[in-house]
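Asker: For reference, the structure I am asking about is given below.
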Amino acid sequence: DVVLTQTPPTLSATIGQSVSISCRSSQSLLHSNGNTYLHWLLQRPGQSPQLLIYLVSRLESGVPNRFSGSGSGTDFTLKISGVEAEDLGVYYCVQGTHAPRTFGGGTKLELK
Amino acid sequence: VQLVESGGGLVQPGKSLKLSCSASGFTFSSYGMHWIRQAPGKGLDWVAYISSSSGTVYADAVKGRFTISRDNAKNTLYLQLNSLKSEDTAIYYCARNNYGAWGQGTLVTVSS
């Protein structure tokens, strides 16, 4: 199975600070159809997860543009340009290129 | 778009349970669907997927014990859980393909 390793496991930030989360895959996530099925989710405390970024860098409708995704192959990054209080929670990467689907272990974003 | 899970509860080890996910606000039959679980205080754990044409994929941990199915006439996704173990205790979420929509989750507790 594909292993997704997220770093750091915990991230402390002040409001307005820019932060990045890394997601590294044990195998390339480039599908034979040319798509890379790597997505980013946010789970706020007590809530269901929500989709932020799909296919590496595409912003889900309604998600603020301070969120951005980048990367290719096995290395991917989620960047938040100016953290806001509502961004606190746990961020997960998830891959859909290989069966079975797998999630990263999560990165908890806290206020410093 | 709305997904509403039901059917969770307290069940003894070795017993069975059937979860449902009622979908509305989109053409259910056109979308693949996932079941994803989250043990208390832990990260997200992908369980199973069913395509729009009813092809299925399972995580190794549940293969042979869980069965995902769908009834497009009723706009409902199911997960049959058999031979339950204590480690299956979790909130079970249904999610639409590419994770753009999630339900609120239903709690399954396996304990004697």
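Please note that chains go A, B, ... in the order of the structure tokens, that every chain numbers its residues from 1, and that ligands are numbered from 1 in the order shown.
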Please identify every residue of chain A that has at least one atom no more than 9 Å from any atom of chain B, counting only C-alpha atoms, and report them as a list in words.
Answerer: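 Applying the cut-off to the listed atoms yields Tyr37, His39, Leu41, Gln47, Ser48, Pro49, Gln50, Leu51, Leu52, Tyr54, Leu55, Glu60, Val90, Tyr92, Gly96, Ala99, Pro100, Arg101, Thr102, Phe103, Gly104, Gly105 and Gly106 of chain A.
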Asker: Can you write just those residues out, C-alpha atoms, as a PDB file, in the first residue's frame?
Answerer:
```
ATOM      1  CA  TYR A  37      -4.864  12.080  -7.383  1.00  0.00           C
ATOM      2  CA  HIS A  39      -5.958  15.889  -2.271  1.00  0.00           C
ATOM      3  CA  LEU A  41      -8.576  17.941   3.661  1.00  0.00           C
ATOM      4  CA  GLN A  47     -16.484  18.438  12.589  1.00  0.00           C
ATOM      5  CA  SER A  48     -16.376  16.190   9.565  1.00  0.00           C
ATOM      6  CA  PRO A  49     -13.442  16.667   7.188  1.00  0.00           C
ATOM      7  CA  GLN A  50     -13.825  19.092   4.291  1.00  0.00           C
ATOM      8  CA  LEU A  51     -12.027  19.177   0.954  1.00  0.00           C
ATOM      9  CA  LEU A  52      -9.622  22.083   0.426  1.00  0.00           C
ATOM     10  CA  TYR A  54      -7.984  18.370  -5.155  1.00  0.00           C
ATOM     11  CA  LEU A  55      -5.700  17.029  -7.873  1.00  0.00           C
ATOM     12  CA  GLU A  60     -12.304  23.477  -4.049  1.00  0.00           C
ATOM     13  CA  VAL A  90      -6.003  18.741  11.494  1.00  0.00           C
ATOM     14  CA  TYR A  92      -4.778  15.379   5.926  1.00  0.00           C
ATOM     15  CA  GLY A  96      -6.533   8.127  -4.952  1.00  0.00           C
ATOM     16  CA  ALA A  99      -5.725   1.050  -4.558  1.00  0.00           C
ATOM     17  CA  PRO A 100      -6.330   1.006  -1.694  1.00  0.00           C
ATOM     18  CA  ARG A 101      -6.733   4.728  -1.032  1.00  0.00           C
ATOM     19  CA  THR A 102      -4.607   5.945   1.854  1.00  0.00           C
ATOM     20  CA  PHE A 103      -4.478   8.979   4.123  1.00  0.00           C
ATOM     21  CA  GLY A 104      -1.523  10.747   5.631  1.00  0.00           C
ATOM     22  CA  GLY A 105      -1.227  10.709   9.403  1.00  0.00           C
ATOM     23  CA  GLY A 106      -2.374  14.302   9.754  1.00  0.00           C
TER      24      GLY A 106
END
```
Asker: If you run DSSP on this backbone, which residues of stretch 22-88 of chain B come out as strand (DSSP E or B), and could you give them as a ChimeraX atom specification?
Answerer: /B:22-24,33-38,44-50,56-58,66-71,76-81
Asker: Could you save those same residues with N, CA, C and O atoms as a short mmCIF file (atom, residue, chain, number, x, y, z; two decimals), in the first residue's frame?
Answerer:
```cif
data_model
loop_
_atom_site.label_atom_id
_atom_site.label_comp_id
_atom_site.auth_asym_id
_atom_site.auth_seq_id
_atom_site.Cartn_x
_atom_site.Cartn_y
_atom_site.Cartn_z
N SER B 22 -27.65 8.15 3.42
CA SER B 22 -28.68 8.68 2.53
C SER B 22 -28.16 9.94 1.85
O SER B 22 -27.70 10.87 2.53
N ALA B 23 -28.22 9.97 0.54
CA ALA B 23 -27.68 11.07 -0.25
C ALA B 23 -28.78 11.92 -0.88
O ALA B 23 -29.82 11.38 -1.29
N SER B 24 -28.55 13.21 -0.95
CA SER B 24 -29.49 14.11 -1.61
C SER B 24 -28.75 15.32 -2.15
O SER B 24 -27.61 15.61 -1.74
N MET B 33 -18.54 6.32 -4.30
CA MET B 33 -18.71 6.69 -2.90
C MET B 33 -17.74 5.89 -2.03
O MET B 33 -17.43 4.74 -2.32
N HIS B 34 -17.31 6.54 -0.95
CA HIS B 34 -16.38 5.93 0.00
C HIS B 34 -17.04 5.76 1.37
O HIS B 34 -17.92 6.53 1.75
N TRP B 35 -16.53 4.77 2.13
CA TRP B 35 -16.67 4.74 3.58
C TRP B 35 -15.28 4.95 4.17
O TRP B 35 -14.31 4.32 3.73
N ILE B 36 -15.20 5.83 5.14
CA ILE B 36 -13.96 6.18 5.83
C ILE B 36 -14.27 6.19 7.31
O ILE B 36 -15.35 6.61 7.72
N ARG B 37 -13.34 5.72 8.13
CA ARG B 37 -13.59 5.69 9.56
C ARG B 37 -12.50 6.42 10.33
O ARG B 37 -11.41 6.67 9.82
N GLN B 38 -12.84 6.75 11.57
CA GLN B 38 -11.90 7.46 12.44
C GLN B 38 -12.08 6.95 13.86
O GLN B 38 -13.10 7.20 14.50
N LEU B 44 -7.74 9.64 9.99
CA LEU B 44 -8.70 9.06 9.05
C LEU B 44 -8.16 7.76 8.48
O LEU B 44 -6.97 7.64 8.17
N ASP B 45 -9.06 6.80 8.30
CA ASP B 45 -8.71 5.46 7.85
C ASP B 45 -9.69 5.06 6.75
O ASP B 45 -10.88 4.86 7.02
N TRP B 46 -9.19 4.94 5.53
CA TRP B 46 -10.07 4.60 4.41
C TRP B 46 -10.53 3.15 4.52
O TRP B 46 -9.72 2.25 4.84
N VAL B 47 -11.81 2.89 4.28
CA VAL B 47 -12.39 1.56 4.49
C VAL B 47 -12.74 0.87 3.17
O VAL B 47 -12.34 -0.27 2.91
N ALA B 48 -13.54 1.55 2.34
CA ALA B 48 -14.04 0.90 1.12
C ALA B 48 -14.54 1.95 0.14
O ALA B 48 -14.86 3.08 0.52
N TYR B 49 -14.61 1.53 -1.13
CA TYR B 49 -15.09 2.39 -2.21
C TYR B 49 -15.95 1.58 -3.15
O TYR B 49 -15.67 0.39 -3.41
N ILE B 50 -17.03 2.23 -3.65
CA ILE B 50 -17.86 1.61 -4.68
C ILE B 50 -18.01 2.61 -5.81
O ILE B 50 -18.34 3.78 -5.58
N THR B 56 -16.07 -2.56 -6.57
CA THR B 56 -15.73 -2.31 -5.17
C THR B 56 -14.25 -2.54 -4.89
O THR B 56 -13.58 -3.35 -5.54
N VAL B 57 -13.74 -1.80 -3.91
CA VAL B 57 -12.38 -1.95 -3.41
C VAL B 57 -12.44 -1.83 -1.89
O VAL B 57 -13.21 -1.02 -1.36
N TYR B 58 -11.60 -2.64 -1.19
CA TYR B 58 -11.62 -2.65 0.26
C TYR B 58 -10.21 -2.48 0.83
O TYR B 58 -9.22 -2.91 0.22
N PHE B 66 -16.32 -6.81 5.68
CA PHE B 66 -17.22 -5.70 5.37
C PHE B 66 -17.63 -5.79 3.90
O PHE B 66 -16.85 -6.22 3.04
N THR B 67 -18.86 -5.32 3.61
CA THR B 67 -19.35 -5.27 2.24
C THR B 67 -19.99 -3.92 1.97
O THR B 67 -20.92 -3.52 2.68
N ILE B 68 -19.49 -3.24 0.96
CA ILE B 68 -20.07 -1.97 0.53
C ILE B 68 -21.05 -2.23 -0.61
O ILE B 68 -20.79 -3.08 -1.46
N SER B 69 -22.16 -1.53 -0.59
CA SER B 69 -23.15 -1.69 -1.66
C SER B 69 -23.93 -0.39 -1.81
O SER B 69 -23.79 0.53 -1.00
N ARG B 70 -24.73 -0.32 -2.86
CA ARG B 70 -25.52 0.88 -3.10
C ARG B 70 -26.85 0.53 -3.71
O ARG B 70 -26.98 -0.49 -4.39
N ASP B 71 -27.85 1.40 -3.44
CA ASP B 71 -29.17 1.27 -4.06
C ASP B 71 -29.46 2.63 -4.70
O ASP B 71 -29.84 3.58 -4.00
N THR B 76 -29.04 5.60 -1.71
CA THR B 76 -28.48 5.17 -0.43
C THR B 76 -27.27 4.26 -0.63
O THR B 76 -27.28 3.37 -1.48
N LEU B 77 -26.26 4.53 0.18
CA LEU B 77 -25.03 3.74 0.25
C LEU B 77 -25.09 2.91 1.53
O LEU B 77 -25.61 3.37 2.55
N TYR B 78 -24.54 1.70 1.47
CA TYR B 78 -24.56 0.82 2.64
C TYR B 78 -23.15 0.31 2.95
O TYR B 78 -22.28 0.25 2.09
N LEU B 79 -22.98 -0.08 4.22
CA LEU B 79 -21.80 -0.82 4.63
C LEU B 79 -22.24 -1.89 5.61
O LEU B 79 -22.73 -1.58 6.70
N GLN B 80 -22.12 -3.15 5.18
CA GLN B 80 -22.42 -4.29 6.05
C GLN B 80 -21.15 -4.66 6.79
O GLN B 80 -20.13 -4.97 6.15
N LEU B 81 -21.21 -4.64 8.11
CA LEU B 81 -20.05 -4.95 8.95
C LEU B 81 -20.31 -6.29 9.64
O LEU B 81 -21.23 -6.40 10.46
#
```
Asker: Please, what distance in Å, to one decimal, runs between atom CA of A:Leu78 and atom CA of A:Gly46?
Answerer: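 Spanning atom CA of A:Leu78 to atom CA of A:Gly46 is a straight-line distance of 22.2 Å.
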Asker: For A:Ser25, find every residue with an atom within 9 Å (counting only C-alpha atoms), except residues of its own chain fewer than 2 positions away, and show them as JSON, numbers by chain.
Answerer: {"A": [2, 3, 4, 5, 6, 23, 27, 28, 29, 73, 74, 75, 76, 95, 104]}
Asker: From the options A:Ser68, A:Thr97, A:Ser18, A:Thr77, which residue's atoms come nearest to A:Thr36, counting only C-alpha atoms?
Answerer: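 Smallest separation from A:Thr36 among the options: A:Thr97.
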